[in-house]
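The next block holds one structure in the form of structure tokens; read it before the comments.
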Amino acid sequence: MQNYLDLWAKAVKTGIIKSNLIPMIAALMLALYTYKLNFIDHIPHIIFAFVGSAFIIAASGIFNNLYDRDIDAIMQRTKSRPTVTGELSARTVLIVGIILLIAGLAILSLTTWLAAFLGFLGVFFYVVPYTMWTKRRTIWNTEVGSISGAMPPLIGWATVAPSIWYPAAWALFIIMVIWQMPHFYAIAIRKKDDYAAANIPMLPVKKSMRRTYLQTNIYLVIMMLTSFLFVPLSWGLTLVSLILGGIWLWLSIVGYRQMDEKKWANKMFAYSLIYMMAVFATVIIYSSVGMIFQ
């Protein structure tokens with residue numbers, strides 16, 4: 001039984017589900033605080049947002065795994081996925097993915113129709129423009145895929161807020177978009193041989209380490225500038241985001257000069273996780289404290 005559950009955990013990519021639920025909850029909490037909404041009154045919305053988002057993210061992972069079985073079989077880090085080994089049949093996995101997608105969108109619609117629509121857009125961008133189109137064709141696949149990866153904050157905001165047209169909501173969205181580039185560039189460097197073997201045109205595979213380094217720094221500067229979208233709401237959030245982004249840029253520049261490319265990529269990958277957890281944890285704490293004392 002445990003082995004069967006482990007197989008499904010790989011099929012739905014539980015790690016991605018967990019990492020995407022954090023920014024979703026952070027945005028939801030920030031929206032509650034921003035619009036002075038009562039936390040207790042919105043507990044059903046929070047539960048629906050959590051479950052619905054988890055379901056559609058799981059569905060996205062399933063569809064991605066099904067489509068990528070041929071290249072997953074080549075790469076060392078993915079060749080043990082149950083969709084590759086056949087431990088889970090493609091038909092069964094597809095049916096479960098469809099059920100999760102429909103159920104997830106239905107649950108999100110119990111909050112707002114906008115949240116459900118944004119959830120659908122997230123799945124669509126991940127499966128069609130990213131997985132089925134750009135992933136195997138262009139070095140800009142990471143940028144296209146980042147749109148899907150950044151939807152959770154907008155979904156979280158839309159589940160409780162009257163409007164998503166608020167600077168802080170878009171700050172979270174843009175930060176998530178930009179965050180994915182340094183994060184996945186680091187992964188691409190660490191797994192460069194895998195991607196090359198599968199002929200996936202990741203930036204460090206098709207271009208150069210120097211190009212990847214420069215593009216990483218450009219995105220880090222943009223991410224730091226995005227911090228100023230928090231200004232209408234909080235200078236504290238602005239400074240935290242700005243400082244954390246500045247540390248990341250400093251680590252990139254200094255580390256690149258002192259380390260070989262794999263070690264630099266490992267450091268960048270590790271800090272990308274620290275950055276995401278720190279930024280969104282700060283947002284959750286700020287919102288929670290604000291709601292208690294507002």
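So you can find residues: chains in the structure tokens are A, B, ... in the order shown, residues in each start at 1, and ligands are numbered from 1 in order.
The neighbours of A:Phe173 here are the residues that come within 7 Å of it, using only C-alpha atoms and leaving out any residue fewer than 4 positions away in the same chain; they are Ala150, Met151, Pro153, Leu154, Ala169 and Val177 of chain A.
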Would you mind listing what lies within 12 Å of stretch 63-69 of chain A as an mmCIF file with C-alpha atoms, in the first residue's frame, with only C-alpha atoms counted and same-chain residues fewer than 2 positions away left out?
```
data_model
loop_
_atom_site.group_PDB
_atom_site.id
_atom_site.type_symbol
_atom_site.label_atom_id
_atom_site.label_comp_id
_atom_site.auth_asym_id
_atom_site.auth_seq_id
_atom_site.Cartn_x
_atom_site.Cartn_y
_atom_site.Cartn_z
ATOM 1 C CA TRP A 8 1.183 8.277 -7.014
ATOM 2 C CA LYS A 10 5.745 10.747 -7.925
ATOM 3 C CA ALA A 11 3.022 10.898 -10.568
ATOM 4 C CA VAL A 12 1.399 14.036 -9.139
ATOM 5 C CA LYS A 13 4.735 15.629 -8.136
ATOM 6 C CA ILE A 56 -5.156 21.255 -10.258
ATOM 7 C CA ILE A 57 -1.411 21.337 -9.569
ATOM 8 C CA ALA A 58 -1.479 17.552 -9.213
ATOM 9 C CA ALA A 59 -3.375 17.295 -12.511
ATOM 10 C CA SER A 60 -0.755 19.466 -14.216
ATOM 11 C CA GLY A 61 2.008 17.201 -12.935
ATOM 12 C CA ILE A 71 12.348 12.100 -22.608
ATOM 13 C CA ASP A 72 11.863 11.144 -18.963
ATOM 14 C CA ALA A 73 13.070 7.639 -19.874
ATOM 15 C CA ILE A 74 16.391 9.119 -21.014
ATOM 16 C CA MET A 75 17.167 11.337 -18.034
ATOM 17 C CA THR A 78 13.244 11.047 -14.132
ATOM 18 C CA LYS A 79 13.623 7.534 -15.540
ATOM 19 C CA SER A 80 12.178 5.966 -12.375
ATOM 20 C CA ARG A 81 8.880 7.829 -12.621
ATOM 21 C CA PRO A 82 5.982 5.331 -12.598
ATOM 22 C CA THR A 83 4.671 6.761 -15.882
ATOM 23 C CA VAL A 84 8.009 5.710 -17.426
ATOM 24 C CA THR A 85 8.431 2.338 -15.746
ATOM 25 C CA GLY A 86 4.802 1.343 -16.369
ATOM 26 C CA LEU A 88 1.082 2.970 -13.217
ATOM 27 C CA SER A 89 -0.762 2.553 -16.508
ATOM 28 C CA ALA A 90 -1.033 5.613 -18.755
ATOM 29 C CA ARG A 91 -4.815 5.162 -19.010
ATOM 30 C CA THR A 92 -5.285 5.081 -15.242
ATOM 31 C CA VAL A 93 -3.019 8.081 -14.715
ATOM 32 C CA LEU A 94 -4.843 10.049 -17.436
ATOM 33 C CA ILE A 95 -8.255 9.314 -15.904
ATOM 34 C CA VAL A 96 -7.053 10.385 -12.457
ATOM 35 C CA GLY A 97 -5.544 13.548 -13.928
ATOM 36 C CA ILE A 98 -8.821 14.487 -15.623
ATOM 37 C CA ILE A 99 -10.786 13.805 -12.435
ATOM 38 C CA LEU A 100 -8.356 15.919 -10.381
ATOM 39 C CA LEU A 101 -8.579 18.778 -12.879
ATOM 40 C CA VAL A 123 -2.943 24.194 -16.038
ATOM 41 C CA PHE A 124 -3.313 25.253 -19.673
ATOM 42 C CA PHE A 125 -0.029 27.200 -19.749
ATOM 43 C CA TYR A 126 1.835 24.342 -18.077
ATOM 44 C CA VAL A 127 0.487 21.616 -20.339
ATOM 45 C CA VAL A 128 0.139 23.263 -23.766
ATOM 46 C CA PRO A 129 2.506 26.235 -24.298
ATOM 47 C CA TYR A 130 5.169 24.789 -21.980
ATOM 48 C CA THR A 131 5.078 20.966 -21.976
ATOM 49 C CA MET A 132 3.729 20.351 -25.477
ATOM 50 C CA TRP A 133 5.313 23.269 -27.319
ATOM 51 C CA LYS A 135 9.968 22.723 -23.652
ATOM 52 C CA ARG A 136 11.458 20.805 -26.580
ATOM 53 C CA GLY A 145 6.554 27.706 -17.988
ATOM 54 C CA ALA A 198 17.231 14.218 -23.925
ATOM 55 C CA ILE A 200 15.948 19.591 -24.204
#
```
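Here atom CA of A:Ile164 and atom CA of A:Ser288 stand 19.8 Å from one another.
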Go through stretch 167-213 of chain A and collect every residue that DSSP, computed from the backbone, puts in alpha helix (DSSP H); the answer should be as a PyMOL selection string. chain A and resi 167-190+192-197+203-206+209-213
Write the residues you've just listed into a file as a compact mmCIF listing (two decimals), in the first residue's frame, and include N, CA, C and O atoms for each of them.
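Saved result, again_12.txt, follows:
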```
# COMPACT_ATOMS: atom_id res chain seq x y z
N PRO A 167 -1.41 46.33 -6.60
CA PRO A 167 0.04 46.16 -6.83
C PRO A 167 0.68 45.01 -6.08
O PRO A 167 1.51 44.29 -6.63
N ALA A 168 0.29 44.78 -4.82
CA ALA A 168 0.90 43.71 -4.03
C ALA A 168 0.61 42.34 -4.63
O ALA A 168 1.46 41.43 -4.59
N ALA A 169 -0.59 42.15 -5.18
CA ALA A 169 -0.94 40.87 -5.79
C ALA A 169 -0.03 40.60 -6.98
O ALA A 169 0.47 39.48 -7.17
N TRP A 170 0.21 41.63 -7.77
CA TRP A 170 1.06 41.46 -8.95
C TRP A 170 2.54 41.39 -8.58
O TRP A 170 3.34 40.81 -9.30
N ALA A 171 2.89 41.97 -7.43
CA ALA A 171 4.27 41.81 -6.95
C ALA A 171 4.55 40.34 -6.68
O ALA A 171 5.59 39.80 -7.07
N LEU A 172 3.59 39.67 -6.01
CA LEU A 172 3.77 38.24 -5.72
C LEU A 172 3.82 37.42 -7.00
O LEU A 172 4.61 36.49 -7.13
N PHE A 173 2.96 37.78 -7.95
CA PHE A 173 2.94 37.07 -9.24
C PHE A 173 4.26 37.25 -9.98
O PHE A 173 4.88 36.27 -10.43
N ILE A 174 4.72 38.50 -10.10
CA ILE A 174 5.95 38.77 -10.86
C ILE A 174 7.16 38.16 -10.16
O ILE A 174 8.06 37.62 -10.81
N ILE A 175 7.19 38.25 -8.83
CA ILE A 175 8.30 37.63 -8.09
C ILE A 175 8.35 36.13 -8.37
O ILE A 175 9.43 35.56 -8.58
N MET A 176 7.18 35.49 -8.41
CA MET A 176 7.15 34.06 -8.71
C MET A 176 7.59 33.78 -10.14
O MET A 176 8.27 32.77 -10.41
N VAL A 177 7.21 34.65 -11.08
CA VAL A 177 7.65 34.48 -12.47
C VAL A 177 9.17 34.56 -12.55
O VAL A 177 9.84 33.68 -13.10
N ILE A 178 9.73 35.64 -12.00
CA ILE A 178 11.17 35.88 -12.10
C ILE A 178 11.96 34.86 -11.28
O ILE A 178 13.03 34.40 -11.70
N TRP A 179 11.45 34.49 -10.12
CA TRP A 179 12.15 33.53 -9.25
C TRP A 179 12.46 32.23 -9.97
O TRP A 179 13.51 31.61 -9.75
N GLN A 180 11.56 31.82 -10.85
CA GLN A 180 11.73 30.53 -11.51
C GLN A 180 12.92 30.48 -12.46
O GLN A 180 13.48 29.41 -12.69
N MET A 181 13.32 31.63 -13.01
CA MET A 181 14.43 31.61 -13.96
C MET A 181 15.76 31.25 -13.27
O MET A 181 16.41 30.27 -13.65
N PRO A 182 16.21 32.00 -12.26
CA PRO A 182 17.44 31.59 -11.57
C PRO A 182 17.34 30.19 -10.96
O PRO A 182 18.32 29.44 -10.95
N HIS A 183 16.16 29.85 -10.46
CA HIS A 183 15.94 28.55 -9.85
C HIS A 183 16.15 27.42 -10.86
O HIS A 183 16.91 26.48 -10.63
N PHE A 184 15.48 27.52 -12.01
CA PHE A 184 15.56 26.45 -13.00
C PHE A 184 16.84 26.50 -13.83
O PHE A 184 17.28 25.46 -14.34
N TYR A 185 17.44 27.68 -13.97
CA TYR A 185 18.75 27.73 -14.62
C TYR A 185 19.76 26.94 -13.78
O TYR A 185 20.60 26.23 -14.31
N ALA A 186 19.66 27.08 -12.46
CA ALA A 186 20.56 26.34 -11.57
C ALA A 186 20.35 24.84 -11.71
O ALA A 186 21.31 24.06 -11.76
N ILE A 187 19.08 24.42 -11.78
CA ILE A 187 18.79 23.00 -11.99
C ILE A 187 19.35 22.53 -13.32
O ILE A 187 19.94 21.44 -13.44
N ALA A 188 19.18 23.37 -14.35
CA ALA A 188 19.64 22.99 -15.69
C ALA A 188 21.16 22.81 -15.73
O ALA A 188 21.66 21.95 -16.46
N ILE A 189 21.88 23.61 -14.95
CA ILE A 189 23.34 23.46 -14.89
C ILE A 189 23.70 22.18 -14.14
O ILE A 189 24.57 21.42 -14.57
N ARG A 190 23.00 21.94 -13.04
CA ARG A 190 23.28 20.74 -12.24
C ARG A 190 22.98 19.46 -13.03
O ARG A 190 23.64 18.45 -12.86
N LYS A 192 22.81 19.25 -16.44
CA LYS A 192 23.10 19.61 -17.83
C LYS A 192 23.23 18.39 -18.73
O LYS A 192 22.72 18.36 -19.85
N ASP A 193 23.91 17.36 -18.26
CA ASP A 193 24.11 16.15 -19.07
C ASP A 193 22.79 15.45 -19.36
O ASP A 193 22.58 14.93 -20.46
N ASP A 194 21.90 15.42 -18.38
CA ASP A 194 20.58 14.83 -18.56
C ASP A 194 19.80 15.55 -19.66
O ASP A 194 19.24 14.92 -20.57
N TYR A 195 19.75 16.87 -19.55
CA TYR A 195 19.00 17.66 -20.53
C TYR A 195 19.61 17.54 -21.92
O TYR A 195 18.89 17.49 -22.93
N ALA A 196 20.93 17.51 -21.99
CA ALA A 196 21.60 17.37 -23.28
C ALA A 196 21.28 16.01 -23.91
O ALA A 196 21.02 15.92 -25.12
N ALA A 197 21.28 14.95 -23.09
CA ALA A 197 20.99 13.61 -23.59
C ALA A 197 19.57 13.52 -24.15
O ALA A 197 19.32 12.83 -25.15
N LEU A 203 18.82 26.65 -21.34
CA LEU A 203 19.76 27.73 -21.65
C LEU A 203 21.23 27.31 -21.55
O LEU A 203 22.00 27.53 -22.49
N PRO A 204 21.68 26.69 -20.44
CA PRO A 204 23.10 26.32 -20.36
C PRO A 204 23.50 25.20 -21.31
O PRO A 204 24.68 25.00 -21.58
N VAL A 205 22.51 24.46 -21.82
CA VAL A 205 22.80 23.38 -22.77
C VAL A 205 23.05 23.94 -24.16
O VAL A 205 24.01 23.59 -24.84
N LYS A 206 22.18 24.87 -24.59
CA LYS A 206 22.24 25.38 -25.95
C LYS A 206 23.12 26.62 -26.09
O LYS A 206 23.63 26.91 -27.17
N MET A 209 27.61 28.93 -20.28
CA MET A 209 27.53 29.23 -18.86
C MET A 209 27.53 30.74 -18.65
O MET A 209 26.79 31.26 -17.80
N ARG A 210 28.33 31.44 -19.42
CA ARG A 210 28.39 32.91 -19.29
C ARG A 210 27.04 33.54 -19.60
O ARG A 210 26.59 34.44 -18.88
N ARG A 211 26.38 33.08 -20.64
CA ARG A 211 25.06 33.60 -21.00
C ARG A 211 24.06 33.31 -19.88
O ARG A 211 23.24 34.17 -19.52
N THR A 212 24.11 32.11 -19.32
CA THR A 212 23.21 31.74 -18.23
C THR A 212 23.44 32.62 -17.01
O THR A 212 22.48 33.08 -16.37
N TYR A 213 24.69 32.87 -16.71
CA TYR A 213 25.05 33.73 -15.57
C TYR A 213 24.53 35.14 -15.76
O TYR A 213 23.91 35.72 -14.86
```
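Picture a line from atom CA of A:Trp250 to atom CA of A:Thr138; it runs 28.9 Å.
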So that I can check the surroundings of A:Met224, please list as a PDB file with N, CA, C and O atoms, in the first residue's frame every protein, DNA and RNA residue that reaches within 7 Å of it, counting only C-alpha atoms and ignoring chain neighbours fewer than 2 positions away.
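Final file, out_37.pdb:
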```
ATOM      1  N   LEU A 220      17.478  38.721 -11.622  1.00  0.00           N
ATOM      2  CA  LEU A 220      17.560  39.057 -10.202  1.00  0.00           C
ATOM      3  C   LEU A 220      17.397  40.553  -9.969  1.00  0.00           C
ATOM      4  O   LEU A 220      16.759  40.972  -8.996  1.00  0.00           O
ATOM      5  N   VAL A 221      17.932  41.359 -10.861  1.00  0.00           N
ATOM      6  CA  VAL A 221      17.756  42.816 -10.755  1.00  0.00           C
ATOM      7  C   VAL A 221      16.286  43.176 -10.954  1.00  0.00           C
ATOM      8  O   VAL A 221      15.724  43.995 -10.210  1.00  0.00           O
ATOM      9  N   ILE A 222      15.653  42.565 -11.947  1.00  0.00           N
ATOM     10  CA  ILE A 222      14.225  42.816 -12.182  1.00  0.00           C
ATOM     11  C   ILE A 222      13.403  42.415 -10.969  1.00  0.00           C
ATOM     12  O   ILE A 222      12.468  43.124 -10.562  1.00  0.00           O
ATOM     13  N   THR A 226      10.925  44.698  -8.629  1.00  0.00           N
ATOM     14  CA  THR A 226       9.524  44.320  -8.410  1.00  0.00           C
ATOM     15  C   THR A 226       9.123  44.518  -6.949  1.00  0.00           C
ATOM     16  O   THR A 226       7.944  44.741  -6.645  1.00  0.00           O
ATOM     17  N   SER A 227      10.089  44.464  -6.048  1.00  0.00           N
ATOM     18  CA  SER A 227       9.814  44.643  -4.618  1.00  0.00           C
ATOM     19  C   SER A 227       9.083  45.946  -4.338  1.00  0.00           C
ATOM     20  O   SER A 227       8.308  46.050  -3.376  1.00  0.00           O
ATOM     21  N   LEU A 242      13.481  43.261  -1.064  1.00  0.00           N
ATOM     22  CA  LEU A 242      14.626  43.914  -1.695  1.00  0.00           C
ATOM     23  C   LEU A 242      15.940  43.366  -1.146  1.00  0.00           C
ATOM     24  O   LEU A 242      16.870  43.063  -1.900  1.00  0.00           O
ATOM     25  N   GLY A 245      16.522  39.739  -2.231  1.00  0.00           N
ATOM     26  CA  GLY A 245      16.925  39.732  -3.631  1.00  0.00           C
ATOM     27  C   GLY A 245      18.350  40.220  -3.810  1.00  0.00           C
ATOM     28  O   GLY A 245      19.108  39.682  -4.624  1.00  0.00           O
ATOM     29  N   GLY A 246      18.731  41.231  -3.034  1.00  0.00           N
ATOM     30  CA  GLY A 246      20.093  41.752  -3.095  1.00  0.00           C
ATOM     31  C   GLY A 246      21.122  40.718  -2.660  1.00  0.00           C
ATOM     32  O   GLY A 246      22.204  40.609  -3.259  1.00  0.00           O
TER      33      GLY A 246
END
```
Proximity to A:Thr216 - best of A:Glu143, A:Asp260, A:Asp70, A:Glu87, only C-alpha atoms: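 So, comparing all the options, the nearest one is A:Glu143.
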Considering only C-alpha atoms, can you say which of A:Val160, A:Val144, A:Ile139, A:Ala27 comes closest to A:Asp41?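 With only C-alpha atoms as the atom set, the closest residue is A:Val160.
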Nearest to A:Ile218: which of A:Ile285, A:Leu239, A:Ile253, A:Val231 is it, counting only C-alpha atoms?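 Looking only at the distances to A:Ile218, the closest residue turns out to be A:Ile253.
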Near-stretch 32-38 of chain A list (12 Å; only C-alpha atoms; drop same-chain fewer than 2 positions) as an mmCIF file with N, CA and C atoms, in the first residue's frame:
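That gives us result.cif:
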```cif
data_model
loop_
_atom_site.group_PDB
_atom_site.id
_atom_site.type_symbol
_atom_site.label_atom_id
_atom_site.label_comp_id
_atom_site.auth_asym_id
_atom_site.auth_seq_id
_atom_site.Cartn_x
_atom_site.Cartn_y
_atom_site.Cartn_z
ATOM 1 N N ILE A 25 -1.210 30.443 -0.403
ATOM 2 C CA ILE A 25 -1.681 30.802 0.933
ATOM 3 C C ILE A 25 -1.193 32.189 1.330
ATOM 4 N N ALA A 26 0.052 32.518 0.975
ATOM 5 C CA ALA A 26 0.597 33.840 1.306
ATOM 6 C C ALA A 26 -0.233 34.945 0.666
ATOM 7 N N ALA A 27 -0.570 34.783 -0.606
ATOM 8 C CA ALA A 27 -1.368 35.793 -1.305
ATOM 9 C C ALA A 27 -2.778 35.882 -0.736
ATOM 10 N N LEU A 28 -3.350 34.743 -0.391
ATOM 11 C CA LEU A 28 -4.689 34.726 0.199
ATOM 12 C C LEU A 28 -4.697 35.482 1.532
ATOM 13 N N MET A 29 -3.713 35.205 2.366
ATOM 14 C CA MET A 29 -3.622 35.885 3.656
ATOM 15 C C MET A 29 -3.392 37.388 3.482
ATOM 16 N N LEU A 30 -2.571 37.750 2.517
ATOM 17 C CA LEU A 30 -2.302 39.161 2.274
ATOM 18 C C LEU A 30 -3.553 39.868 1.774
ATOM 19 N N ILE A 40 -12.031 34.256 10.125
ATOM 20 C CA ILE A 40 -12.964 33.187 10.499
ATOM 21 C C ILE A 40 -14.060 33.028 9.445
ATOM 22 N N ASP A 41 -14.576 34.155 8.969
ATOM 23 C CA ASP A 41 -15.643 34.103 7.966
ATOM 24 C C ASP A 41 -15.182 33.445 6.665
ATOM 25 N N HIS A 42 -13.893 33.493 6.407
ATOM 26 C CA HIS A 42 -13.378 32.996 5.121
ATOM 27 C C HIS A 42 -12.663 31.639 5.237
ATOM 28 N N ILE A 43 -12.824 30.969 6.356
ATOM 29 C CA ILE A 43 -12.207 29.642 6.503
ATOM 30 C C ILE A 43 -12.663 28.670 5.403
ATOM 31 N N PRO A 44 -13.970 28.642 5.050
ATOM 32 C CA PRO A 44 -14.362 27.760 3.932
ATOM 33 C C PRO A 44 -13.626 28.094 2.636
ATOM 34 N N HIS A 45 -13.449 29.396 2.343
ATOM 35 C CA HIS A 45 -12.725 29.801 1.141
ATOM 36 C C HIS A 45 -11.267 29.330 1.187
ATOM 37 N N ILE A 46 -10.678 29.418 2.369
ATOM 38 C CA ILE A 46 -9.281 28.996 2.528
ATOM 39 C C ILE A 46 -9.152 27.496 2.265
ATOM 40 N N GLY A 156 -4.808 32.489 -5.098
ATOM 41 C CA GLY A 156 -5.044 32.736 -3.681
ATOM 42 C C GLY A 156 -5.689 34.091 -3.435
ATOM 43 N N TRP A 157 -5.187 35.109 -4.123
ATOM 44 C CA TRP A 157 -5.744 36.459 -3.979
ATOM 45 C C TRP A 157 -7.188 36.502 -4.452
ATOM 46 N N ALA A 158 -7.459 35.871 -5.606
ATOM 47 C CA ALA A 158 -8.793 35.931 -6.211
ATOM 48 C C ALA A 158 -9.849 35.170 -5.422
ATOM 49 N N THR A 159 -9.442 34.234 -4.561
ATOM 50 C CA THR A 159 -10.427 33.467 -3.808
ATOM 51 C C THR A 159 -11.159 34.295 -2.761
ATOM 52 N N VAL A 160 -10.547 35.406 -2.325
ATOM 53 C CA VAL A 160 -11.183 36.200 -1.261
ATOM 54 C C VAL A 160 -11.297 37.687 -1.599
ATOM 55 N N ALA A 161 -10.485 38.193 -2.528
ATOM 56 C CA ALA A 161 -10.437 39.631 -2.782
ATOM 57 C C ALA A 161 -11.452 40.043 -3.849
ATOM 58 N N PRO A 162 -11.952 41.268 -3.771
ATOM 59 C CA PRO A 162 -12.906 41.750 -4.774
ATOM 60 C C PRO A 162 -12.249 42.061 -6.119
ATOM 61 N N SER A 163 -10.912 42.213 -6.119
ATOM 62 C CA SER A 163 -10.209 42.539 -7.358
ATOM 63 C C SER A 163 -8.771 42.036 -7.273
ATOM 64 N N ILE A 164 -8.233 41.609 -8.412
ATOM 65 C CA ILE A 164 -6.822 41.199 -8.436
ATOM 66 C C ILE A 164 -5.927 42.349 -8.900
ATOM 67 N N TYR A 166 -4.383 44.856 -7.774
ATOM 68 C CA TYR A 166 -3.739 45.538 -6.649
ATOM 69 C C TYR A 166 -2.239 45.283 -6.768
ATOM 70 N N PRO A 167 -1.409 46.327 -6.603
ATOM 71 C CA PRO A 167 0.043 46.163 -6.829
ATOM 72 C C PRO A 167 0.681 45.006 -6.078
ATOM 73 N N ALA A 168 0.285 44.783 -4.821
ATOM 74 C CA ALA A 168 0.904 43.709 -4.031
ATOM 75 C C ALA A 168 0.606 42.337 -4.625
ATOM 76 N N ALA A 169 -0.594 42.152 -5.177
ATOM 77 C CA ALA A 169 -0.940 40.867 -5.793
ATOM 78 C C ALA A 169 -0.028 40.598 -6.980
ATOM 79 N N PHE A 230 5.323 46.509 -3.546
ATOM 80 C CA PHE A 230 4.783 46.356 -2.193
ATOM 81 C C PHE A 230 4.631 47.707 -1.476
ATOM 82 N N PRO A 232 2.833 50.489 -1.802
ATOM 83 C CA PRO A 232 1.514 50.990 -1.382
ATOM 84 C C PRO A 232 0.948 50.267 -0.166
ATOM 85 N N LEU A 233 1.444 49.070 0.101
ATOM 86 C CA LEU A 233 0.936 48.286 1.224
ATOM 87 C C LEU A 233 1.861 48.326 2.432
ATOM 88 N N SER A 234 3.171 48.121 2.197
ATOM 89 C CA SER A 234 4.098 48.025 3.322
ATOM 90 C C SER A 234 5.540 48.245 2.887
ATOM 91 N N VAL A 283 5.417 37.336 4.226
ATOM 92 C CA VAL A 283 4.086 37.806 3.819
ATOM 93 C C VAL A 283 3.011 37.196 4.717
ATOM 94 N N ILE A 284 3.112 35.909 4.999
ATOM 95 C CA ILE A 284 2.124 35.236 5.851
ATOM 96 C C ILE A 284 2.158 35.793 7.273
ATOM 97 N N ILE A 285 3.350 35.966 7.822
ATOM 98 C CA ILE A 285 3.480 36.502 9.183
ATOM 99 C C ILE A 285 2.967 37.938 9.251
ATOM 100 N N TYR A 286 3.374 38.744 8.274
ATOM 101 C CA TYR A 286 2.931 40.149 8.227
ATOM 102 C C TYR A 286 1.412 40.229 8.167
ATOM 103 N N SER A 287 0.805 39.424 7.308
ATOM 104 C CA SER A 287 -0.647 39.447 7.148
ATOM 105 C C SER A 287 -1.351 38.956 8.410
ATOM 106 N N SER A 288 -0.820 37.894 8.996
ATOM 107 C CA SER A 288 -1.439 37.320 10.191
ATOM 108 C C SER A 288 -1.401 38.300 11.361
ATOM 109 N N VAL A 289 -0.237 38.886 11.573
ATOM 110 C CA VAL A 289 -0.106 39.873 12.658
ATOM 111 C C VAL A 289 -0.989 41.081 12.385
ATOM 112 N N GLY A 290 -1.020 41.507 11.130
ATOM 113 C CA GLY A 290 -1.862 42.655 10.776
ATOM 114 C C GLY A 290 -3.326 42.410 11.037
ATOM 115 N N MET A 291 -3.800 41.205 10.721
ATOM 116 C CA MET A 291 -5.205 40.888 10.946
ATOM 117 C C MET A 291 -5.540 40.815 12.443
ATOM 118 N N ILE A 292 -4.576 40.383 13.243
ATOM 119 C CA ILE A 292 -4.826 40.296 14.689
ATOM 120 C C ILE A 292 -5.002 41.685 15.296
ATOM 121 N N PHE A 293 -4.198 42.644 14.819
ATOM 122 C CA PHE A 293 -4.186 43.962 15.450
ATOM 123 C C PHE A 293 -4.926 45.033 14.652
ATOM 124 N N GLN A 294 -5.531 44.671 13.530
ATOM 125 C CA GLN A 294 -6.224 45.718 12.746
ATOM 126 C C GLN A 294 -7.588 46.054 13.364
#
```
Hey, can you check how far atom CA of A:Gly104 sits from atom CA of A:Trp165?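 Computing the Euclidean distance for atom CA of A:Gly104 and atom CA of A:Trp165 yields 23.9 Å.
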Just want the 10 Å neighbourhood of A:Ala116, counted on only C-alpha atoms, with same-chain residues fewer than 2 positions away dropped. Output as a compact mmCIF listing (two decimals) with C-alpha atoms, in the first residue's frame.
```
# COMPACT_ATOMS: atom_id res chain seq x y z
CA ALA A 49 -8.53 27.28 -2.22
CA GLY A 52 -8.71 23.03 -5.25
CA SER A 53 -5.22 24.37 -5.92
CA ILE A 56 -5.16 21.25 -10.26
CA GLY A 104 -10.04 21.10 -8.56
CA LEU A 105 -11.71 23.66 -10.82
CA ALA A 106 -15.12 22.86 -9.33
CA ILE A 107 -13.79 23.36 -5.81
CA LEU A 108 -12.07 26.64 -6.73
CA SER A 109 -15.33 27.87 -8.28
CA LEU A 110 -16.89 27.60 -4.81
CA THR A 111 -14.71 30.60 -3.89
CA THR A 112 -14.94 32.73 -7.04
CA TRP A 113 -15.24 32.02 -10.74
CA LEU A 114 -12.14 34.13 -11.29
CA LEU A 118 -6.99 31.44 -13.16
CA GLY A 119 -6.56 27.83 -12.07
CA PHE A 120 -7.54 26.68 -15.54
CA LEU A 121 -5.07 29.13 -17.11
CA GLY A 122 -2.32 27.76 -14.88
CA ILE A 155 -5.48 32.21 -7.42
CA ALA A 158 -8.79 35.93 -6.21
CA THR A 159 -10.43 33.47 -3.81
```
